[in-house]
Number of protein chains: 2
Amino acid sequence: MKRATLKTISDESGFSITTVSRALAGYDDVNEQTRQRIIEIAQRLGYQPNLTARHLRSKHTNTIGMVIPLTAHYSDLFFMELLSGVGQQAAQHGYDLLLSAQVPGEEELSAYRRMVDGSRVDGMVLARVRRHDARIDYLKGTAQPYVVFGHSGDDDYPYIDVDGEKGIRQMVHHFADYGHRRIALIAPPDELAFAAPRVAGYWAALEELGLPRDPALVVTGDLSMDSGAAAAERLLSLPDPPTAIMACNDQMALGAMAAITTRGLRVGRDVAVSGFDDIPAAASASPPLTTIRQPIYQIGQRLAQTLIRLIHGETVDNLHVLLEPELVIRASSGEPRSG
Amino acid sequence: MKRATLKTISDESGFSITTVSRALAGYDDVNEQTRQRIIEIAQRLGYQPNLTARHLRSKHTNTIGMVIPLTAHYSDLFFMELLSGVGQQAAQHGYDLLLSAQVPGEEELSAYRRMVDGSRVDGMVLARVRRHDARIDYLKGTAQPYVVFGHSGDDDYPYIDVDGEKGIRQMVHHFADYGHRRIALIAPPDELAFAAPRVAGYWAALEELGLPRDPALVVTGDLSMDSGAAAAERLLSLPDPPTAIMACNDQMALGAMAAITTRGLRVGRDVAVSGFDDIPAAASASPPLTTIRQPIYQIGQRLAQTLIRLIHGETVDNLHVLLEPELVIRASSGEPRSG
DNA sequence: TTGTAGGCGTTATCAT
DNA sequence: ATGATAACGCCTACAA
């Protein structure tokens with residue numbers, strides 16, 4: 001049995017396609033009897049409008065697009081959480097999500113082009129911004145609304161972000177308060193937009209505290225647990241190893257903790273550790289991980305809300321939202337050190 | 001500047017829309033010079049085919065649909081992991097994912113109808129099957145291909161599942177080997193399809209072992225950590241409390257562990273605990289959680305592969321895949337008990 | 001090798 | 001109150 005269309009109902013009811021369309025759409029210039037009859041037939045036939053056709057005609061799709069890195073699974077929980085937040089608010093407003101998993105690079109960009117220029121979505125949500133991000137350059141040359149999680153400093157586009165510079169600065173102070181003087185940083189890959197402010201926050205804090213500036217104490221990871229472990233290895237092998245290690249995300253912090261333990265040292269006592277994000281694994285790690293909280297789910301919700309306002313052409317009060325970081329102190333940062 | 005269409009290029013080049021279309025589509029009945037010229041113009045104009053129009057015309061969308069429970073975020077990691085697996089393989093084959101977040105119920109079903117009858121997707125992936133699942137009934141009455149994670153026993157549809165009955169049975173035996181005789185089960189909500197086999201496996205194992213059948217040792221949870229904690233509370237308050245608690249997913253097991261600890265008991269020594277799924281938190285819990293592994297990501301990949309074969313009308317060797325459960329024994333199940 | 005014409009299913013405009 | 005007609009952008013017989 002073929003799918004019912006307006007034409008099917010038109011044939012069945014004897015009314016024109018136009019009238020059927022209008023009756024179903026709730027226009028008030030349709031005889032009430034006619035409408036009832038048409039609705040009845042539509043239901044009997046299980047009519048469901050062909051959304052593809054509707055979208056072609058009406059120029060909008062009630063769909064939000066998102067391209068996610070192909071690596072994202074448990075190893076990159078962050079993205080899934082963001083997705084949930086966006087999806088929740090999208091659904092709330094009657095929007096669906098169109099997802100494309102891509103490895104960052106050429107193909108990724110063409111996924112954006114397919115979605116946007118291909119008219120498949122009404123707007124895009126971006127995350128994991130890179131320093132000079134081709135995707136943003138592309139979107140800027142487009143009429144398409146978009147919102148971004150993260151920002152690169154001087155560039156101008158609608159974003160929401162947690163103040164990473166401030167967060168890291170506060171964390172350095174936290175460790176300094178506990179008596180640490182050799183504080184290391186496991187930095188994010190250079191090309192990610194949030195790398196710069198976080199590293200800047202680190203140096204700024206050392207400056208404020210009058211601590212020496214030692215480049216050997218900054219090691220770059222790739223956000224994975226493994227890279228965090230490797231970085232910690234390297235740091236602990238230094239002639240004058242750090243007593244505190246700050247990682248720029250929780251995954252790497254967890255990796256560092258594992259490496260420390262493997263080395264026979266105790267996290268929180270011999271070496272203090274902190275992360276960034278506050279993923280669920282952070283709280284349940286042992287010892288529980290001190291970190292800087294990013295309310296990712298809520299940020300996702302807010303991104304969706306903002307985007308939908310933008311799509312509807314409504315005004316948005318603040319297109320550059322910078323959230324206060326929130327330090328979550330747990331056992332991995334240890335106790336204040338004597339002496 | 002308006003978006004370029006075939007017509008734009010047609011006007012610009014002087015060739016008809018047809019020729020432009022065929023040139024771009026790579027037909028070989030186009031003069032090579034003509035093609036070059038057309039391609040050049042298309043690139044200059046940044047032409048991107050309107051996929052909505054193409055879909056309307058061609059009757060397929062290269063898109064896989066999935067409806068996810070609105071609650072899914074960190075609290076329901078399972079779904080995100082499945083999603084990643086599906087998305088990975090989908091991308092591999094040039095498919096995108098259309099997601100709709102919905103609370104189970106009426107609205108949820110109409111999300112399926114929008115996707116399927118609305119011609120927005122070529123196939124659907126289902127998970128969290130319920131006992132008499134209206135979604136499956138609906139899809140059966142449709143020409144749309146679909147695949148399911150989980151199965152309800154007697155019902156017939158394409159699925160992949162882990163043998164939960166066997167898994168639970170083996171776990172009961174594991175605890176019995178360790179010397180436990182009071183083994184409790186925290187069961188999933190009755191309406192979920194995977195509840196029945198797991199509970200059946202529990203009773204079957206007791207039978208095999210000649211252990212007494214005590215209904216008080218089976219408590220139903222709702223898959224959340226909190227419900228796991230509540231269930232454990234109840235079990236430990238029994239006059240003759242269990243010495244081992246098996247939860248039907250890891251979240252509930254973690255909740256149970258928390259409750260046990262709160263009560264001043266030691267997990268693995270006073271009370272053994274096991275879960276189901278092997279989410280990442282299981283390995284990093286303290287003590288690490290004994291559980292039954294479901295390779296969710298891989299299952300997601302396989303679901304996508306199967307679905308895409310179905311969509312392409314290719315043959316699929318096995319539409320009912322039942323995977324062997326894999327017990328992962330960790331510290332939460334303790335040591336063999338003396339006496 | 002190229003062009004004409006029709007249609008996918010919907011909505012909007014304009015008559016009647 | 002209802003209907004004929006066109007258009008969204010694309011693809012594909014069929015003609016020339």
# chains A, B, ... in the order shown; residues from 1 in each chain; ligands from 1
$ residues_around --residues "Arg120 (chain B)" --least-positions-apart "5" --cutoff "9 Å" --atoms "only C-alpha atoms (C1' of nucleotides)" --output "PyMOL selection string"
(chain A and resi 50-52) or (chain B and resi 55+60-61+63-65+98+114-115)
$ write_last_selection --atoms "N, CA and C atoms" --output "PDB file, in the first residue's frame"
ATOM      1  N   ASN A  50       4.541  14.622   3.799  1.00  0.00           N
ATOM      2  CA  ASN A  50       5.910  14.376   3.372  1.00  0.00           C
ATOM      3  C   ASN A  50       6.746  15.600   3.729  1.00  0.00           C
ATOM      4  N   LEU A  51       7.588  15.419   4.737  1.00  0.00           N
ATOM      5  CA  LEU A  51       8.314  16.569   5.257  1.00  0.00           C
ATOM      6  C   LEU A  51       9.367  17.067   4.282  1.00  0.00           C
ATOM      7  N   THR A  52       9.896  16.154   3.500  1.00  0.00           N
ATOM      8  CA  THR A  52      10.881  16.574   2.511  1.00  0.00           C
ATOM      9  C   THR A  52      10.253  17.591   1.552  1.00  0.00           C
TER      10      THR A  52
ATOM     11  N   HIS B  55      16.225  14.705  -2.394  1.00  0.00           N
ATOM     12  CA  HIS B  55      15.552  13.636  -1.652  1.00  0.00           C
ATOM     13  C   HIS B  55      14.110  13.481  -2.104  1.00  0.00           C
ATOM     14  N   HIS B  60      15.081   8.792  -1.535  1.00  0.00           N
ATOM     15  CA  HIS B  60      15.870   8.335  -0.390  1.00  0.00           C
ATOM     16  C   HIS B  60      16.766   9.460   0.086  1.00  0.00           C
ATOM     17  N   THR B  61      17.202   9.343   1.343  1.00  0.00           N
ATOM     18  CA  THR B  61      17.779  10.497   2.010  1.00  0.00           C
ATOM     19  C   THR B  61      19.186  10.256   2.543  1.00  0.00           C
ATOM     20  N   THR B  63      19.976   8.871   5.162  1.00  0.00           N
ATOM     21  CA  THR B  63      19.893   9.257   6.563  1.00  0.00           C
ATOM     22  C   THR B  63      19.274   8.127   7.382  1.00  0.00           C
ATOM     23  N   ILE B  64      19.853   7.906   8.542  1.00  0.00           N
ATOM     24  CA  ILE B  64      19.330   6.904   9.463  1.00  0.00           C
ATOM     25  C   ILE B  64      18.686   7.625  10.637  1.00  0.00           C
ATOM     26  N   GLY B  65      17.532   7.177  11.028  1.00  0.00           N
ATOM     27  CA  GLY B  65      16.811   7.846  12.111  1.00  0.00           C
ATOM     28  C   GLY B  65      16.939   7.119  13.433  1.00  0.00           C
ATOM     29  N   LEU B  98      19.586  11.221  11.851  1.00  0.00           N
ATOM     30  CA  LEU B  98      18.560  12.166  12.275  1.00  0.00           C
ATOM     31  C   LEU B  98      18.072  11.745  13.647  1.00  0.00           C
ATOM     32  N   ARG B 114       6.815  10.769  11.959  1.00  0.00           N
ATOM     33  CA  ARG B 114       7.352  11.907  11.201  1.00  0.00           C
ATOM     34  C   ARG B 114       8.567  11.494  10.390  1.00  0.00           C
ATOM     35  N   MET B 115       9.439  10.731  11.042  1.00  0.00           N
ATOM     36  CA  MET B 115      10.655  10.336  10.334  1.00  0.00           C
ATOM     37  C   MET B 115      10.359   9.380   9.186  1.00  0.00           C
TER      38      MET B 115
END
$ residues_around --residues "Arg37 (chain A)" --least-positions-apart "2" --cutoff "12 Å" --atoms "only C-alpha atoms (C1' of nucleotides)" --output "ChimeraX atom specification"
/A:9-10,12-15,19-20,23-24,30-35,39-44
$ residues_around --residues "DC14 (chain C)" --least-positions-apart "2" --cutoff "10 Å" --atoms "only C-alpha atoms (C1' of nucleotides)" --output "list of chain:residue names"
C:DA12, C:DT16, D:DA4, D:DT5
$ write_last_selection --atoms "C-alpha atoms (C1' of nucleotides)" --output "tab-separated table (two decimals), in the first residue's frame"
chain	number	residue	atom	x	y	z
C	12	DA	C1'	0.92	30.17	-1.75
C	16	DT	C1'	-14.11	32.04	-9.07
D	4	DA	C1'	-6.67	25.93	-10.84
D	5	DT	C1'	-2.02	27.08	-11.34
$ interface_residues --of "chain A" --to "chain C" --cutoff "12 Å" --atoms "only C-alpha atoms (C1' of nucleotides)" --output "VMD selection string"
chain A and resid 3 to 8 17 to 22 24 to 25 48 to 59
$ closest_atom_pairs --of "chain A" --to "chain B" --cutoff "8 Å" --atoms "only C-alpha atoms" --output "JSON lines"
{"residue": "A:Arg3", "atom": "CA", "partner": "B:Asp117", "partner_atom": "CA", "distance": 7.3}
{"residue": "A:Gln48", "atom": "CA", "partner": "B:Asp117", "partner_atom": "CA", "distance": 5.8}
{"residue": "A:Pro49", "atom": "CA", "partner": "B:Gly118", "partner_atom": "CA", "distance": 5.7}
{"residue": "A:Asn50", "atom": "CA", "partner": "B:Gly118", "partner_atom": "CA", "distance": 4.3}
{"residue": "A:Leu51", "atom": "CA", "partner": "B:Gly118", "partner_atom": "CA", "distance": 5.0}
{"residue": "A:Thr52", "atom": "CA", "partner": "B:Leu56", "partner_atom": "CA", "distance": 5.7}
{"residue": "A:Ala53", "atom": "CA", "partner": "B:Leu56", "partner_atom": "CA", "distance": 5.9}
{"residue": "A:His55", "atom": "CA", "partner": "B:Thr52", "partner_atom": "CA", "distance": 6.9}
{"residue": "A:Leu56", "atom": "CA", "partner": "B:Thr52", "partner_atom": "CA", "distance": 5.7}
{"residue": "A:Leu70", "atom": "CA", "partner": "B:Gln88", "partner_atom": "CA", "distance": 6.2}
{"residue": "A:Ala72", "atom": "CA", "partner": "B:Ser84", "partner_atom": "CA", "distance": 6.6}
{"residue": "A:His73", "atom": "CA", "partner": "B:Ser84", "partner_atom": "CA", "distance": 5.4}
{"residue": "A:Tyr74", "atom": "CA", "partner": "B:Glu81", "partner_atom": "CA", "distance": 6.4}
{"residue": "A:Met80", "atom": "CA", "partner": "B:Met80", "partner_atom": "CA", "distance": 6.0}
{"residue": "A:Glu81", "atom": "CA", "partner": "B:His73", "partner_atom": "CA", "distance": 5.8}
{"residue": "A:Ser84", "atom": "CA", "partner": "B:His73", "partner_atom": "CA", "distance": 5.5}
{"residue": "A:Gly85", "atom": "CA", "partner": "B:His73", "partner_atom": "CA", "distance": 7.7}
{"residue": "A:Gly87", "atom": "CA", "partner": "B:Ala101", "partner_atom": "CA", "distance": 6.0}
{"residue": "A:Gln88", "atom": "CA", "partner": "B:Ala101", "partner_atom": "CA", "distance": 6.2}
{"residue": "A:Ala91", "atom": "CA", "partner": "B:Ala101", "partner_atom": "CA", "distance": 5.7}
{"residue": "A:Tyr95", "atom": "CA", "partner": "B:Ser100", "partner_atom": "CA", "distance": 7.8}
{"residue": "A:Asp96", "atom": "CA", "partner": "B:Ser100", "partner_atom": "CA", "distance": 5.1}
{"residue": "A:Leu97", "atom": "CA", "partner": "B:Leu99", "partner_atom": "CA", "distance": 4.9}
{"residue": "A:Leu98", "atom": "CA", "partner": "B:Leu98", "partner_atom": "CA", "distance": 4.6}
{"residue": "A:Leu99", "atom": "CA", "partner": "B:Leu97", "partner_atom": "CA", "distance": 4.9}
{"residue": "A:Ser100", "atom": "CA", "partner": "B:Asp96", "partner_atom": "CA", "distance": 5.0}
{"residue": "A:Ala101", "atom": "CA", "partner": "B:Ala91", "partner_atom": "CA", "distance": 5.7}
{"residue": "A:Gln102", "atom": "CA", "partner": "B:Ala91", "partner_atom": "CA", "distance": 6.9}
{"residue": "A:Arg113", "atom": "CA", "partner": "B:Gln48", "partner_atom": "CA", "distance": 7.3}
{"residue": "A:Arg114", "atom": "CA", "partner": "B:Gln48", "partner_atom": "CA", "distance": 7.0}
{"residue": "A:Asp117", "atom": "CA", "partner": "B:Gln48", "partner_atom": "CA", "distance": 5.8}
{"residue": "A:Gly118", "atom": "CA", "partner": "B:Asn50", "partner_atom": "CA", "distance": 4.3}
{"residue": "A:Ser119", "atom": "CA", "partner": "B:Asn50", "partner_atom": "CA", "distance": 5.9}
{"residue": "A:Arg120", "atom": "CA", "partner": "B:Thr52", "partner_atom": "CA", "distance": 6.3}
{"residue": "A:Pro280", "atom": "CA", "partner": "B:Tyr74", "partner_atom": "CA", "distance": 7.2}
{"residue": "A:Ala281", "atom": "CA", "partner": "B:Ala281", "partner_atom": "CA", "distance": 6.2}
{"residue": "A:Ser284", "atom": "CA", "partner": "B:Ala285", "partner_atom": "CA", "distance": 6.3}
{"residue": "A:Ala285", "atom": "CA", "partner": "B:Ser284", "partner_atom": "CA", "distance": 6.2}
{"residue": "A:Ser286", "atom": "CA", "partner": "B:Ser286", "partner_atom": "CA", "distance": 6.7}
{"residue": "A:Tyr297", "atom": "CA", "partner": "B:His73", "partner_atom": "CA", "distance": 7.9}
$ interface_residues --of "chain D" --to "chain B" --cutoff "12 Å" --atoms "only C-alpha atoms (C1' of nucleotides)" --output "VMD selection string"
chain D and resid 8 to 13
$ write_last_selection --atoms "N, CA and C atoms (P, O5', C5', C4', C3', O3' and C1' of nucleotides)" --output "mmCIF file, in the first residue's frame"
data_model
loop_
_atom_site.group_PDB
_atom_site.id
_atom_site.type_symbol
_atom_site.label_atom_id
_atom_site.label_comp_id
_atom_site.auth_asym_id
_atom_site.auth_seq_id
_atom_site.Cartn_x
_atom_site.Cartn_y
_atom_site.Cartn_z
ATOM 1 P P DC D 8 10.790 28.995 -8.150
ATOM 2 O "O5'" DC D 8 11.389 28.311 -6.856
ATOM 3 C "C5'" DC D 8 10.926 28.539 -5.549
ATOM 4 C "C4'" DC D 8 11.183 27.311 -4.718
ATOM 5 C "C3'" DC D 8 12.347 26.468 -5.213
ATOM 6 O "O3'" DC D 8 13.516 26.860 -4.513
ATOM 7 C "C1'" DC D 8 10.441 25.121 -4.592
ATOM 8 P P DG D 9 14.835 27.253 -5.308
ATOM 9 O "O5'" DG D 9 15.418 25.850 -5.761
ATOM 10 C "C5'" DG D 9 15.945 24.969 -4.774
ATOM 11 C "C4'" DG D 9 16.183 23.627 -5.402
ATOM 12 C "C3'" DG D 9 17.127 23.637 -6.610
ATOM 13 O "O3'" DG D 9 18.183 22.754 -6.327
ATOM 14 C "C1'" DG D 9 15.163 22.384 -7.064
ATOM 15 P P DC D 10 19.241 22.303 -7.352
ATOM 16 O "O5'" DC D 10 18.648 20.883 -7.745
ATOM 17 C "C5'" DC D 10 18.642 19.851 -6.755
ATOM 18 C "C4'" DC D 10 17.844 18.681 -7.263
ATOM 19 C "C3'" DC D 10 18.475 17.967 -8.441
ATOM 20 O "O3'" DC D 10 19.067 16.774 -7.953
ATOM 21 C "C1'" DC D 10 16.107 18.254 -8.717
ATOM 22 P P DC D 11 19.956 15.930 -8.949
ATOM 23 O "O5'" DC D 11 18.868 15.046 -9.705
ATOM 24 C "C5'" DC D 11 18.236 13.988 -8.995
ATOM 25 C "C4'" DC D 11 17.226 13.342 -9.905
ATOM 26 C "C3'" DC D 11 17.835 12.591 -11.089
ATOM 27 O "O3'" DC D 11 17.240 11.312 -11.107
ATOM 28 C "C1'" DC D 11 16.159 14.076 -11.835
ATOM 29 P P DT D 12 17.926 10.151 -11.982
ATOM 30 O "O5'" DT D 12 16.840 9.827 -13.092
ATOM 31 C "C5'" DT D 12 15.464 10.053 -12.846
ATOM 32 C "C4'" DT D 12 14.722 9.935 -14.167
ATOM 33 C "C3'" DT D 12 15.488 9.244 -15.293
ATOM 34 O "O3'" DT D 12 14.540 8.652 -16.146
ATOM 35 C "C1'" DT D 12 14.981 11.405 -15.944
ATOM 36 P P DA D 13 14.563 7.086 -16.437
ATOM 37 O "O5'" DA D 13 14.744 6.715 -17.937
ATOM 38 C "C5'" DA D 13 14.241 7.306 -18.974
ATOM 39 C "C4'" DA D 13 12.755 7.452 -19.096
ATOM 40 C "C3'" DA D 13 12.307 7.295 -20.526
ATOM 41 O "O3'" DA D 13 10.950 6.951 -20.664
ATOM 42 C "C1'" DA D 13 12.368 9.605 -19.903
#
$ select_by_dssp --residues "region 2-44 of chain B" --states "alpha helix (DSSP H)" --output "PyMOL selection string"
chain B and resi 6-13+17-25+32-44
$ atom_distance --atom1 "CA of Met257 (chain A)" --atom2 "CA of His173 (chain A)"
20.6 Å
$ closest_residue --among "B:Leu192, B:Val172, B:Leu238, B:Ala230" --to "Glu208 (chain B)" --atoms "only C-alpha atoms"
B:Val172
$ atom_distance --atom1 "CA of Gly255 (chain A)" --atom2 "CA of Ser227 (chain A)"
7.2 Å
$ atom_distance --atom1 "CA of Ala200 (chain A)" --atom2 "CA of Pro215 (chain A)"
12.7 Å
$ select_by_dssp --residues "region 3-228 of chain B" --states "strand (DSSP E)" --output "JSON, numbers by chain"
{"B": [63, 64, 65, 66, 67, 68, 69, 96, 97, 98, 99, 100, 101, 102, 123, 124, 125, 126, 146, 147, 148, 149, 159, 160, 161, 162, 183, 184, 185, 186, 187, 218, 219, 220]}
$ write_last_selection --atoms "N, CA and C atoms" --output "mmCIF file, in the first residue's frame"
data_model
loop_
_atom_site.group_PDB
_atom_site.id
_atom_site.type_symbol
_atom_site.label_atom_id
_atom_site.label_comp_id
_atom_site.auth_asym_id
_atom_site.auth_seq_id
_atom_site.Cartn_x
_atom_site.Cartn_y
_atom_site.Cartn_z
ATOM 1 N N THR B 63 19.976 8.871 5.162
ATOM 2 C CA THR B 63 19.893 9.257 6.563
ATOM 3 C C THR B 63 19.274 8.127 7.382
ATOM 4 N N ILE B 64 19.853 7.906 8.542
ATOM 5 C CA ILE B 64 19.330 6.904 9.463
ATOM 6 C C ILE B 64 18.686 7.625 10.637
ATOM 7 N N GLY B 65 17.532 7.177 11.028
ATOM 8 C CA GLY B 65 16.811 7.846 12.111
ATOM 9 C C GLY B 65 16.939 7.119 13.433
ATOM 10 N N MET B 66 16.930 7.904 14.490
ATOM 11 C CA MET B 66 16.983 7.318 15.837
ATOM 12 C C MET B 66 16.222 8.238 16.779
ATOM 13 N N VAL B 67 15.392 7.658 17.593
ATOM 14 C CA VAL B 67 14.688 8.447 18.599
ATOM 15 C C VAL B 67 15.279 8.072 19.939
ATOM 16 N N ILE B 68 15.769 9.060 20.663
ATOM 17 C CA ILE B 68 16.397 8.728 21.940
ATOM 18 C C ILE B 68 15.581 9.283 23.094
ATOM 19 N N PRO B 69 15.604 8.562 24.211
ATOM 20 C CA PRO B 69 14.818 9.008 25.360
ATOM 21 C C PRO B 69 15.297 10.370 25.827
ATOM 22 N N ASP B 96 23.969 10.087 7.215
ATOM 23 C CA ASP B 96 23.880 10.963 8.373
ATOM 24 C C ASP B 96 22.867 10.376 9.339
ATOM 25 N N LEU B 97 22.793 11.006 10.516
ATOM 26 C CA LEU B 97 21.867 10.538 11.551
ATOM 27 C C LEU B 97 20.839 11.610 11.840
ATOM 28 N N LEU B 98 19.586 11.221 11.851
ATOM 29 C CA LEU B 98 18.560 12.166 12.275
ATOM 30 C C LEU B 98 18.072 11.745 13.647
ATOM 31 N N LEU B 99 18.232 12.660 14.607
ATOM 32 C CA LEU B 99 17.900 12.326 15.989
ATOM 33 C C LEU B 99 16.707 13.116 16.470
ATOM 34 N N SER B 100 15.873 12.454 17.225
ATOM 35 C CA SER B 100 14.809 13.179 17.891
ATOM 36 C C SER B 100 14.759 12.716 19.332
ATOM 37 N N ALA B 101 14.839 13.652 20.237
ATOM 38 C CA ALA B 101 14.781 13.297 21.656
ATOM 39 C C ALA B 101 13.332 13.360 22.108
ATOM 40 N N GLN B 102 12.848 12.295 22.685
ATOM 41 C CA GLN B 102 11.439 12.252 23.065
ATOM 42 C C GLN B 102 11.256 11.475 24.351
ATOM 43 N N GLY B 123 15.927 4.476 7.058
ATOM 44 C CA GLY B 123 15.802 3.346 7.966
ATOM 45 C C GLY B 123 15.930 3.823 9.400
ATOM 46 N N MET B 124 15.537 2.957 10.329
ATOM 47 C CA MET B 124 15.553 3.341 11.739
ATOM 48 C C MET B 124 16.348 2.352 12.591
ATOM 49 N N VAL B 125 16.970 2.898 13.626
ATOM 50 C CA VAL B 125 17.597 2.049 14.640
ATOM 51 C C VAL B 125 16.815 2.209 15.935
ATOM 52 N N LEU B 126 16.437 1.102 16.514
ATOM 53 C CA LEU B 126 15.684 1.137 17.763
ATOM 54 C C LEU B 126 16.493 0.550 18.907
ATOM 55 N N TYR B 146 14.427 -1.502 9.381
ATOM 56 C CA TYR B 146 14.789 -1.105 10.738
ATOM 57 C C TYR B 146 15.538 -2.245 11.398
ATOM 58 N N VAL B 147 16.331 -1.909 12.388
ATOM 59 C CA VAL B 147 17.024 -2.910 13.184
ATOM 60 C C VAL B 147 16.910 -2.522 14.649
ATOM 61 N N VAL B 148 17.009 -3.527 15.511
ATOM 62 C CA VAL B 148 16.716 -3.312 16.915
ATOM 63 C C VAL B 148 17.855 -3.818 17.796
ATOM 64 N N PHE B 149 18.180 -3.040 18.801
ATOM 65 C CA PHE B 149 19.081 -3.542 19.835
ATOM 66 C C PHE B 149 18.204 -4.135 20.931
ATOM 67 N N TYR B 159 17.250 -8.161 14.904
ATOM 68 C CA TYR B 159 17.827 -7.622 16.133
ATOM 69 C C TYR B 159 19.243 -8.115 16.369
ATOM 70 N N ILE B 160 19.926 -7.407 17.242
ATOM 71 C CA ILE B 160 21.184 -7.864 17.820
ATOM 72 C C ILE B 160 21.019 -7.743 19.320
ATOM 73 N N ASP B 161 21.490 -8.725 20.024
ATOM 74 C CA ASP B 161 21.327 -8.673 21.475
ATOM 75 C C ASP B 161 22.421 -9.487 22.143
ATOM 76 N N VAL B 162 22.673 -9.155 23.386
ATOM 77 C CA VAL B 162 23.560 -9.987 24.181
ATOM 78 C C VAL B 162 22.676 -10.956 24.955
ATOM 79 N N ILE B 183 21.705 -14.866 47.201
ATOM 80 C CA ILE B 183 22.086 -13.994 46.086
ATOM 81 C C ILE B 183 20.861 -13.218 45.621
ATOM 82 N N ALA B 184 20.960 -11.909 45.656
ATOM 83 C CA ALA B 184 19.793 -11.088 45.300
ATOM 84 C C ALA B 184 19.910 -10.540 43.883
ATOM 85 N N LEU B 185 18.779 -10.112 43.332
ATOM 86 C CA LEU B 185 18.764 -9.531 41.978
ATOM 87 C C LEU B 185 18.033 -8.202 41.985
ATOM 88 N N ILE B 186 18.691 -7.178 41.441
ATOM 89 C CA ILE B 186 17.974 -5.918 41.213
ATOM 90 C C ILE B 186 17.556 -5.924 39.754
ATOM 91 N N ALA B 187 16.273 -6.118 39.525
ATOM 92 C CA ALA B 187 15.751 -6.337 38.173
ATOM 93 C C ALA B 187 15.410 -5.028 37.468
ATOM 94 N N VAL B 218 14.351 -10.515 45.029
ATOM 95 C CA VAL B 218 14.281 -9.817 43.741
ATOM 96 C C VAL B 218 13.564 -8.489 43.903
ATOM 97 N N VAL B 219 14.289 -7.421 43.638
ATOM 98 C CA VAL B 219 13.714 -6.081 43.762
ATOM 99 C C VAL B 219 13.843 -5.388 42.399
ATOM 100 N N THR B 220 12.830 -4.643 42.025
ATOM 101 C CA THR B 220 12.880 -3.984 40.719
ATOM 102 C C THR B 220 13.336 -2.539 40.828
#
$ residues_around --residues "Ala256 (chain B)" --least-positions-apart "2" --cutoff "7 Å" --atoms "only C-alpha atoms (C1' of nucleotides)" --output "list in words"
Gly228, Ala229, Ala232, Met252, Ala253, Leu254, Ala258, Ala259 and Ile260 of chain B
